[in-house]
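Report on the structure given below.
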Amino acid sequence: KKSLRIGLIPGDGIGREVLPAAQDAILAVGSSIPKTEFISLDAGFECFTKHGEALPQETVQALKNECDGALFGAVSSPTRKVTGYSSPIVALRKQLDLYANIRPVVAIASPGERGSKVDLIVVRENTECLYVKQEQLITTSEGVKATATRVITKEASRRIGKMAFELALGRPRKHLTIIHKSNVLSVTDGLFRETIRGIPLSDKQYTEVTVAEQIVDSAVYRLFREPEIYDVLVAPNLYGDILSDAAAALVGSLGIVPSVNAGDKFVMGEPVHGSAPDIAGQKKANPLAAIRSAALMLRYMGYPDGADRIDNAVNEVLRRGEILTPDLGGTSTTEEVTNEVVKRI
Ligand code: NAD
Ligand code: MN
C-alpha cells in the first residue's frame, strides 16, 4: 500500500486523552509504514447526548468504506439505564464483524514476583455470549423477574477457537487453555468447550498445540497464584472481559494493556481500559495501553517493523521506570510519557 487511512474514535473521558498519544506514536514511526492519514470519527456517550446517537452511521460507513484500520479510545456507558443509549463499542464489534478481541498481557517493568511471570494472550470471543443484550424485565403478580439470553454458537466458537490455535502455534510454548463453566452451563459452555476441543481433529496443523481447560473461577484463582501456567487463553465474551482485567492487575495497571478487535478483513486497536472518569481531565491517564494498541493494530495490518519500533520504545520507557504516570507509581503526565516514547521511536 502507498498510503494508510486510520479511523480515530476517541470516545469519552480518557479515551480523548490517550488516542492522540497513539496517533503521535504512529506518526513517529515514519518510513517504517506507508504515509498515514487519520480520519476523526465520533461515537460515545457525549456523542449520544449531543446528537442523539451513540454510534452514528457515518462512523460505521467511514470505517467500512474509507479506512484501512482504526483505533478506538474508550466510551462511557452509564450503569443506570438511559433510554436509547447502547454501548457503541459492542455495536461496532458486531457491525464490523470483529469477532476476536486479542489481549496480550506481558510484564515488562517489575510488577512484583508473580506479575513478572505473566506472558499470556487472552483471546476473547467478541460477538455473542451475554453481549447479545437480549434482556427482559417481566412483572407478574408473583414478582419482578429480569432475564438475559446468553448465546453461544458453534460457528462463533469455532472461528474464535481457530484464531486461538493459530496464535498458540506461533508462540514458543504452543499451549492453549479453554476457559468455560460447563460444570454448571453444560449446554452453552459445553458447546464452546467441545467445539474448540474438536478443532485439531479436522485441522491437523493444530495437533502441535497442547490443550488444557479450566473452569473460569478457578482460572482467575490460578492466574493470581501461578500465572506462568498460562500461554494462550480462549474464552467466551464475558469471561474473557473479566480475565483480561484481572491479568492487567497482575502486570501493574490497566493503563498498559492493549488489544485489537480483529475480523478477517479489518482490525481496530483499543486499550483494554475504559474511560476512567475518576482520573479524566487530570493529565494522569497512562497512554501506554493506547500506544501499544496502535502497535498491535499495525502488526495485524501487516507492518511488524513499525509495530516493533513502537513496542521497543514503550518497553524501554517501562524498564527505565523514570517517566511513568501515577498508576505505575510515577509522577509524570500523559504528555510527558508520550513524548518519552516518541523520542525513543
Ligand atoms: P476503567 O477501565 O475506566 O477504570 C478502572 C480503573 O483503572 C480506574 O480506577 C481508572 O482510573 C484506572 N485506569 C483505567 N485506565 C487507566 C489509564 N490509562 N491510566 C491510568 N489509570 C487507568 O473502568 P470503569 O471505571 O469500571 O469504567 C469507567 C467507564 O468506562 C464506564 O462508563 C464503563 O462503561 C466504560 N468502559 C468502557 C470500555 C470501552 O470503551 N471499551 C471498557 C471498559 C469500561
Ligand atoms: Mn472490559
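Naming works like this for the C-alpha cells: A, B, ... for the chains as they're shown, residue 1 at the start of each chain, ligands 1 onward in shown order.
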Using 9 Å as the limit and counting only C-alpha atoms and all ligand atoms, can you tabulate each residue of chain A that touches ligand 2, with its shortest atom-to-atom distance in Å and the two atoms involved, as a tab-separated table?
```
residue	atom	partner	partner_atom_place_in_ligand_line	distance
A:Leu238	CA	ligand 2	1 (Mn)	8.6
A:Gly240	CA	ligand 2	1 (Mn)	8.6
A:Asp241	CA	ligand 2	1 (Mn)	4.9
A:Ile242	CA	ligand 2	1 (Mn)	6.5
A:Ser244	CA	ligand 2	1 (Mn)	7.6
A:Asp245	CA	ligand 2	1 (Mn)	6.4
A:Val272	CA	ligand 2	1 (Mn)	6.1
A:His273	CA	ligand 2	1 (Mn)	6.4
A:Gly274	CA	ligand 2	1 (Mn)	7.0
```
Those same residues, written as a compact mmCIF listing (two decimals), in the first residue's frame with N, CA and C atoms?
```txt
# COMPACT_ATOMS: atom_id res chain seq x y z
N LEU A 238 -17.86 -12.73 28.05
CA LEU A 238 -17.84 -12.16 29.41
C LEU A 238 -16.64 -12.65 30.22
N GLY A 240 -13.82 -13.62 29.11
CA GLY A 240 -12.61 -13.03 28.54
C GLY A 240 -12.43 -11.59 28.99
N ASP A 241 -13.53 -10.88 29.10
CA ASP A 241 -13.52 -9.49 29.56
C ASP A 241 -12.97 -9.44 30.99
N ILE A 242 -13.51 -10.28 31.85
CA ILE A 242 -13.12 -10.27 33.27
C ILE A 242 -11.67 -10.75 33.46
N SER A 244 -9.17 -10.64 31.45
CA SER A 244 -8.10 -9.75 30.98
C SER A 244 -7.91 -8.56 31.92
N ASP A 245 -8.98 -8.07 32.54
CA ASP A 245 -8.79 -7.02 33.55
C ASP A 245 -8.00 -7.57 34.74
N VAL A 272 -7.47 -1.88 26.69
CA VAL A 272 -8.42 -2.70 27.44
C VAL A 272 -9.23 -1.86 28.43
N HIS A 273 -8.64 -0.75 28.88
CA HIS A 273 -9.31 0.05 29.91
C HIS A 273 -10.51 0.82 29.35
N GLY A 274 -11.30 1.39 30.28
CA GLY A 274 -12.45 2.20 29.91
C GLY A 274 -12.13 3.68 29.94
```
* To do: From range 69-200 of chain A, collect each residue whose DSSP state is strand (DSSP E or B) and return the set as a ChimeraX atom specification.
  => /A:69-74,100-106,119-125,129-140,143-151,175-180
Shell of 12 Å around Lys145 in chain A, only C-alpha atoms, local chain residues under 6 positions omitted, as a JSON list (two decimals) with C-alpha atoms, in the first residue's frame:
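Full text of part-v1.json as output:
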```json
[["chain", "number", "residue", "atom", "x", "y", "z"],
["A", 135, "GLU", "CA", -32.66, -8.63, 28.38],
["A", 136, "GLN", "CA", -36.18, -8.62, 29.66],
["A", 137, "LEU", "CA", -37.92, -7.28, 32.68],
["A", 138, "ILE", "CA", -41.07, -9.21, 33.46],
["A", 139, "THR", "CA", -43.52, -8.09, 36.11]]
```
* To do: Find the residues near Gly13 in chain A: any atom within 7 Å, counting only C-alpha atoms, skip ones fewer than 4 places away on the same chain, and give them as a ChimeraX atom specification.
  => /A:275-277,280
Would you save the residues from that selection as a CSV table (one decimal), in the first residue's frame, using N, CA and C atoms?
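Saved as selection.csv:
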```
chain,number,residue,atom,x,y,z
A,275,SER,N,-13.2,4.5,30.1
A,275,SER,CA,-13.0,6.0,30.0
A,275,SER,C,-12.5,6.6,31.3
A,276,ALA,N,-12.3,5.8,32.4
A,276,ALA,CA,-11.8,6.2,33.7
A,276,ALA,C,-12.2,7.6,34.1
A,277,PRO,N,-13.5,7.8,34.4
A,277,PRO,CA,-14.0,9.1,34.8
A,277,PRO,C,-13.3,9.6,36.1
A,280,ALA,N,-10.2,11.4,34.6
A,280,ALA,CA,-10.3,12.1,33.3
A,280,ALA,C,-10.1,13.6,33.6
```
Residues at most 7 Å from ligand 1, using only C-alpha atoms and all ligand atoms? Could they come as a compact mmCIF listing (two decimals) with N, CA and C atoms, in the first residue's frame?
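Output below, filename pocket-v6.txt:
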```txt
# COMPACT_ATOMS: atom_id res chain seq x y z
N GLY A 73 -10.70 4.73 21.41
CA GLY A 73 -10.22 5.11 22.75
C GLY A 73 -10.98 4.37 23.82
N ALA A 74 -12.04 4.98 24.32
CA ALA A 74 -12.92 4.33 25.30
C ALA A 74 -14.20 5.15 25.34
N VAL A 75 -15.28 4.52 25.72
CA VAL A 75 -16.53 5.27 25.86
C VAL A 75 -17.09 5.07 27.26
N SER A 76 -17.86 6.04 27.70
CA SER A 76 -18.55 5.91 28.98
C SER A 76 -19.92 5.34 28.75
N SER A 77 -20.24 4.28 29.45
CA SER A 77 -21.61 3.75 29.38
C SER A 77 -22.19 3.79 30.78
N PRO A 78 -23.22 4.60 30.96
CA PRO A 78 -23.79 4.75 32.30
C PRO A 78 -24.29 3.41 32.84
N THR A 79 -24.15 3.21 34.13
CA THR A 79 -24.63 1.95 34.71
C THR A 79 -26.15 1.97 34.88
N ILE A 89 -19.19 0.44 21.37
CA ILE A 89 -18.10 -0.50 21.09
C ILE A 89 -18.64 -1.90 20.86
N SER A 253 -1.01 -2.43 35.86
CA SER A 253 -2.04 -1.44 35.59
C SER A 253 -2.83 -1.77 34.33
N LEU A 254 -4.10 -1.40 34.35
CA LEU A 254 -4.91 -1.48 33.13
C LEU A 254 -4.36 -0.51 32.09
N GLY A 255 -3.65 0.49 32.56
CA GLY A 255 -3.15 1.53 31.68
C GLY A 255 -2.03 1.11 30.74
N ILE A 256 -1.61 -0.16 30.81
CA ILE A 256 -0.57 -0.62 29.87
C ILE A 256 -1.01 -1.79 29.00
N VAL A 272 -7.47 -1.88 26.69
CA VAL A 272 -8.42 -2.70 27.44
C VAL A 272 -9.23 -1.86 28.43
N HIS A 273 -8.64 -0.75 28.88
CA HIS A 273 -9.31 0.05 29.91
C HIS A 273 -10.51 0.82 29.35
N GLY A 274 -11.30 1.39 30.28
CA GLY A 274 -12.45 2.20 29.91
C GLY A 274 -12.13 3.68 29.94
N SER A 275 -13.16 4.50 30.13
CA SER A 275 -12.98 5.95 30.03
C SER A 275 -12.50 6.59 31.33
N ALA A 276 -12.35 5.78 32.39
CA ALA A 276 -11.77 6.21 33.67
C ALA A 276 -12.21 7.60 34.12
N PRO A 277 -13.50 7.78 34.39
CA PRO A 277 -13.97 9.12 34.81
C PRO A 277 -13.29 9.61 36.09
N ASP A 278 -12.78 8.68 36.90
CA ASP A 278 -12.13 9.11 38.15
C ASP A 278 -10.84 9.90 37.93
N ILE A 279 -10.21 9.73 36.77
CA ILE A 279 -8.97 10.48 36.54
C ILE A 279 -9.03 11.37 35.28
N LYS A 284 -3.52 12.47 34.03
CA LYS A 284 -2.94 11.32 34.72
C LYS A 284 -3.05 10.04 33.91
N ALA A 285 -3.82 10.06 32.84
CA ALA A 285 -4.08 8.81 32.12
C ALA A 285 -2.79 8.24 31.52
N ASN A 286 -2.58 6.98 31.73
CA ASN A 286 -1.43 6.31 31.14
C ASN A 286 -1.69 6.07 29.65
N PRO A 287 -0.85 6.63 28.78
CA PRO A 287 -1.09 6.49 27.35
C PRO A 287 -0.54 5.18 26.76
N ALA A 289 -1.20 1.94 27.09
CA ALA A 289 -2.13 0.94 26.56
C ALA A 289 -2.59 1.33 25.16
N ASP A 327 -0.52 5.71 37.94
CA ASP A 327 -0.99 4.33 38.09
C ASP A 327 0.19 3.35 38.23
```
* Using only C-alpha atoms, which residue out of A:Val209, A:Ala100, A:Ile33, A:Ile229 lies closest to Lys1 in chain A? -> A:Ile33
May I have the residues within 6 Å of Gly263 in chain A as a compact mmCIF listing (two decimals) with N, CA and C atoms, in the first residue's frame, using only C-alpha atoms and disregarding those fewer than 3 positions away in the same chain?
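Written file, part-v9.txt:
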```txt
# COMPACT_ATOMS: atom_id res chain seq x y z
N ASP A 97 -18.00 -7.06 12.26
CA ASP A 97 -17.68 -8.47 12.45
C ASP A 97 -16.24 -8.67 12.97
N LEU A 98 -15.91 -7.90 13.97
CA LEU A 98 -14.59 -8.03 14.61
C LEU A 98 -14.76 -9.08 15.71
N TYR A 99 -14.66 -10.34 15.31
CA TYR A 99 -15.14 -11.41 16.18
C TYR A 99 -14.14 -11.82 17.27
N PHE A 266 -10.55 -6.67 8.85
CA PHE A 266 -10.36 -5.35 9.45
C PHE A 266 -9.89 -5.50 10.89
```
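Each of A:Ser293, A:Ser141, A:Asn261, A:Thr49 was checked against Val82 in chain A using only C-alpha atoms; the smallest atom-to-atom distance is that of A:Thr49.
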* Identify, with DSSP run on backbone atoms, the residues in range 30-152 of chain A assigned to alpha helix (DSSP H), and express the list as number ranges by chain. => A: 45-51, 57-66, 88-95
